[in-house]
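Read the structure below first, then the notes.
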Amino acid sequence: MTNALLSACAMSALALGIAMPASAQTAPAAGVPSSPPGAAKAPAAAEATDEPTRDIIVTATRRNSLLSDVPLAVSAVSSASLSNSGANDIRQLNQLAPSLLVSSTGSEANGSARIRGIGTVGDNPGLESSVATFIDGVYRSRTGAGLNDLGEIDRIEVLRGPQGTLFGRNASAGLLNIITKQPSFTFGANGELTYGNYNAVRASGSVTGPITETIAARLDGVYSKRDGFYTDAVTGQRLNNRDRYFVRGQLLYQPTADLSVRLIGDYTHRVESCCAAVYVSTVETYDPTPGAAGTNPEHDYASRTNRITDVMTSMGGVFPGGVYPANMTPYNRLTSDTPGRSFRGKTTDGGISGEINWKIGDIAVTSITAYREYKAEAPGDVDYSNIDLLYRAADGNSFRQFKTFSQELRLQGSLFKDRLDWLVGGYFSNEDLTVRDNLKFGSQYGAFAACRLVATINAAAVLRNPSAPGCLSPTGIATLTGAFGAAAPIFINGLNTLSTVNNVGDNNANYYQRSRNFAFFTHNIVHITPTLDLTLGLRYTHEEKTFRADFTNTNTACPTQQAFFAPYLTGGATPLPASLQSLAAGVVNLTCQGNSSSALNALKLSDKRKEGEFTGTAVLSWKPTTGVLTYASYSRGYKAGGFNLDRSALGQPIFSPTDPRQFGGRGAGFGTANLQFDAEKVDAYEVGVKYTSRRFNLNVAAFQQDFKDFQLNTFNGSVFLVQNIDSCSTDLAGADRDASASSGACDPNNVRPGVRTRGVEVEAAIYPTRNVAFTAGYTLADTKFRNNLVGRNTGAPLDPALFLLPGQALSNAPRNVVTSSIAWTPRLGSSGLSGLIYVDQRTTSDYNTGSDLFPEKKQDGFTTVNARVGIRGPKEQWAIELWAQNVTNTQYEQVAFSTPFQGSGSVANVQAFGGTANQTISAFLAEPRTYGVTLRGKF
């Protein structure tokens, strides 16, 4: 879908008033959290009359304010909008907020949120999210915590741009502020029962009311279960099922108008089989005219059947979606997984928090204390095929666990006859992160790896015998001997050893990280005149991370191969002929994939890093009339650096840990230098205008954000690369686009931000009558890597695996997004009955879903639609609703990735450098159409 078409669609939607429900919603009739005692009160929401209310109250600035009075790009999604759209977790906010994109990948326990095209990629727990998630004022360690069922929600605020002077934890790209419904001193209860296709059952309920005159309580619970969206073509098992429950209890103690204490405890339990993936590309490409530029270099390549999939087929591999050159059908949602290997794992998430709001004289004090534990097991058949290549056993010994204590304290008030509205605060958190990995090669890995190398020499199937040592048939042995002469036995010996690498690997690789963070922040609004305000915010953050790791691995073949081939590789005593050296190196690399080696067992790593950073904001806002707000702002944001919690980043597995050629000759021995990444920083500029009238609201914001040391996490099919991205102010003459790891360095004095996002956001709402609401949103975000990229602020060369990045859009960063909705709740006669007709849609332009930007991972533009129709009883005491998500059954990928250990390179490599590329590509698909019926009741 072209950008021009999307832009036209956006303008048409705005002209018609069909729109985004996140921008300006009807004010909730009840349940709006009050300001801290003594804080300024927002204007009262309109009473329920025939006239529609125009705005909702938000706490984005830690002060209760009408959304139209907040000089900040913030969207607010009410509980009614969440209910109408069928949103149970933060992923479904995508339909309601055009600048937001939330996706999940290798596990339901992990998710990535992006705002304005900026987010943290992948599942590496060592990276914090650029978009922070808060629930009832408590920071959640990773975005994946928001993938739980959220229970009864009052509203969700989506703050765009860097945050840090108002919330406990800082964030470089934005923030999700989730506010749940609090206890009420009026008794009430509600329940909901849903049944849908895929045998989906969801039951939820809540009850609230007074215990005494000063204490109120609330209890919320959710249970949901659903069959998976995938079927294993080998075993018939359903995958990506849902089986979870959630409970949250609250107590509210309010002895006086000046004091309230809110205690919250919650627990989530999930045992689910997630996440399966399907093949979306199995093409092998090559350069048919090596050394010749050709008349059209971008198309000077050819495709053929992939020798990787040929090898897998010869070993019993099943490709239910087809392989090249057949038309692939990944959306039949048939997978092929190794029998006996399971994705089924347990995730638990729970914690307690206490919030105190206390007015002491003219000062309002807020304290939020919390402790949380989060543990997610990570089993899986992680080669995503029925050939047993790579797995984590479903025995509970592969997991990530967070234990987090946090304390936030804020004081606020006013001075100088209310000319200064001030706020100061402090924050402390202590987070203990444990990652245990038991990633092992499967029972067929050795044969597959050996056959893969033999196929690299010659694709002819007659050379291969998967059941023979080294995967060599008699014809294969004869062919190698004839080609390499006396050197052939050396290579054949390596293949024979490689074929024994089965059922070995990590036997508890442990990573421990303690993160201690303290910060002081202030946020002050100076009322220069009755219509002109100056907001000034400042924050100092101190971050200290202590890291240690130890390894136990059963792959003894790796050090054996490293020692065996050391004399024959470049720099060795008796090097092999050049024609055999790369193949010998391939034997070692396949034996030691991802640094799976018992040679690391004696290695115990430890390190510490400290950071201190000032950030802040300045906003000038002006209200020339009652219904118009204009503002201009500057913000500086920050996200801490840390450690890549993946052993594959330690170095090149071809060399032993003590070999002087380790790290390409840049130093011997394994250390933590390759694991570290620097803090991400951003300078953000924004101008905006908000217009509010009785029947029409319009918000427009233009922004530019420059990110320095942008933290990029990339999986290249074998290892995870975590690299800071910057650019050079001097021309690198294409050295950032070549295949060399050493070219493209930059003088550190010439390093500048490497990522820029800029664009325009438009949000509108029309309320023609009390019972009709049209809302619309359009985001144009040009989110790109700059040219002349380098690997970090030292000016180090960019990793050659990222050669496609310079000048291109970031992954999962569509240029254009349009959202729209219509809600109609007509009265049905005079009996008190009412109806509901609701439709929303999201239209997205093309984008790439892979952080290395391989063209095979591109997702074409698409539109998704949700709809709901129902009848409601008097005062909405009961309701029956028919609903559908993804009504048109739009088929698209959440994230495409290089399938582990199954080939290397993209068609882009061939176009740029020649040679052959045979990396297979898999994808986590988005959910198909779902539909069902929901019954509601309350009293």
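Quick note on naming: the chains in the structure tokens go A, B, ... in the order shown, residues restart at 1 in each chain, and ligands are numbered from 1 in order of appearance.
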
Every residue of stretch 306-477 of chain A that DSSP places in strand (DSSP E or B), as an NGL selection string = :A and (334-335 or 344-360 or 363-377 or 380 or 390-392 or 399-415 or 420-437 or 439-441 or 464 or 472)

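By chain and then residue number, the residues within 10 Å of A:Thr456 are Arg307, Ile308, Ala450, Cys451, Arg452, Leu453, Val454, Asn458, Ala459, Ala460, Leu583 and Thr916 of chain A, counting only C-alpha atoms and disregarding those fewer than 2 positions away in sequence.
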
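Within 8 Å of A:Val910, once only C-alpha atoms are used and residues closer than 4 positions along the same chain are dropped, the contacting residues are Thr285, Tyr286, Asp287, Tyr301, Gly905, Ser906, Gly914, Gly915, Thr916 and Ala917 of chain A.
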
Store the residues picked out above in a file with C-alpha atoms, as a JSON list (two decimals), in the first residue's frame.
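The resulting file, result-v9.json, is reproduced below:
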```
[["chain", "number", "residue", "atom", "x", "y", "z"],
["A", 285, "THR", "CA", 19.53, -17.09, -3.99],
["A", 286, "TYR", "CA", 22.86, -16.82, -5.78],
["A", 287, "ASP", "CA", 24.76, -14.58, -8.15],
["A", 301, "TYR", "CA", 20.67, -12.74, -8.91],
["A", 905, "GLY", "CA", 22.37, -14.58, 4.32],
["A", 906, "SER", "CA", 19.58, -12.79, 2.49],
["A", 914, "GLY", "CA", 27.48, -11.82, -4.68],
["A", 915, "GLY", "CA", 27.81, -15.41, -3.50],
["A", 916, "THR", "CA", 24.96, -17.55, -2.16],
["A", 917, "ALA", "CA", 22.34, -16.96, 0.53]]
```

Mind the document's chain letters and residue numbers, and return as a PyMOL selection string the residues of stretch 385-564 of chain A that DSSP labels alpha helix (DSSP H).
-> chain A and resi 445-457+474-484+488-498+557-564

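Taking atom CA of A:Ser184 as the reference point, atom CA of A:Pro210 is found at 6.9 Å.
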
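Omitting A:Gly151 and its sequence neighbours fewer than 2 positions away, and counting only C-alpha atoms, the residues within 7 Å are Asp149, Ile153, Asp220, Gly221 and Val222 of chain A.
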
Which is closest to A:Val588 among A:Arg63, A:Leu498, A:Gly396, A:Ser130, if we use only C-alpha atoms?
-> A:Leu498

Please provide as a count of residues only all residues within 8 Å of A:Ile363, with the sequence filter that same-chain residues fewer than 6 positions apart are discarded (counting only C-alpha atoms).
-> 5

Residue with smallest distance to A:Phe167 - pool A:His523, A:Lys359, A:Arg242, A:Arg758, counting only C-alpha atoms | A:His523

Surrounding residues of A:Gly380 excluding itself and chain neighbours under 6 positions, 8 Å, only C-alpha atoms, as number ranges by chain | A: 274-275, 341-344, 391-394

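Atom CA of A:Leu390 is positioned 15.6 Å from atom CA of A:Asn508.
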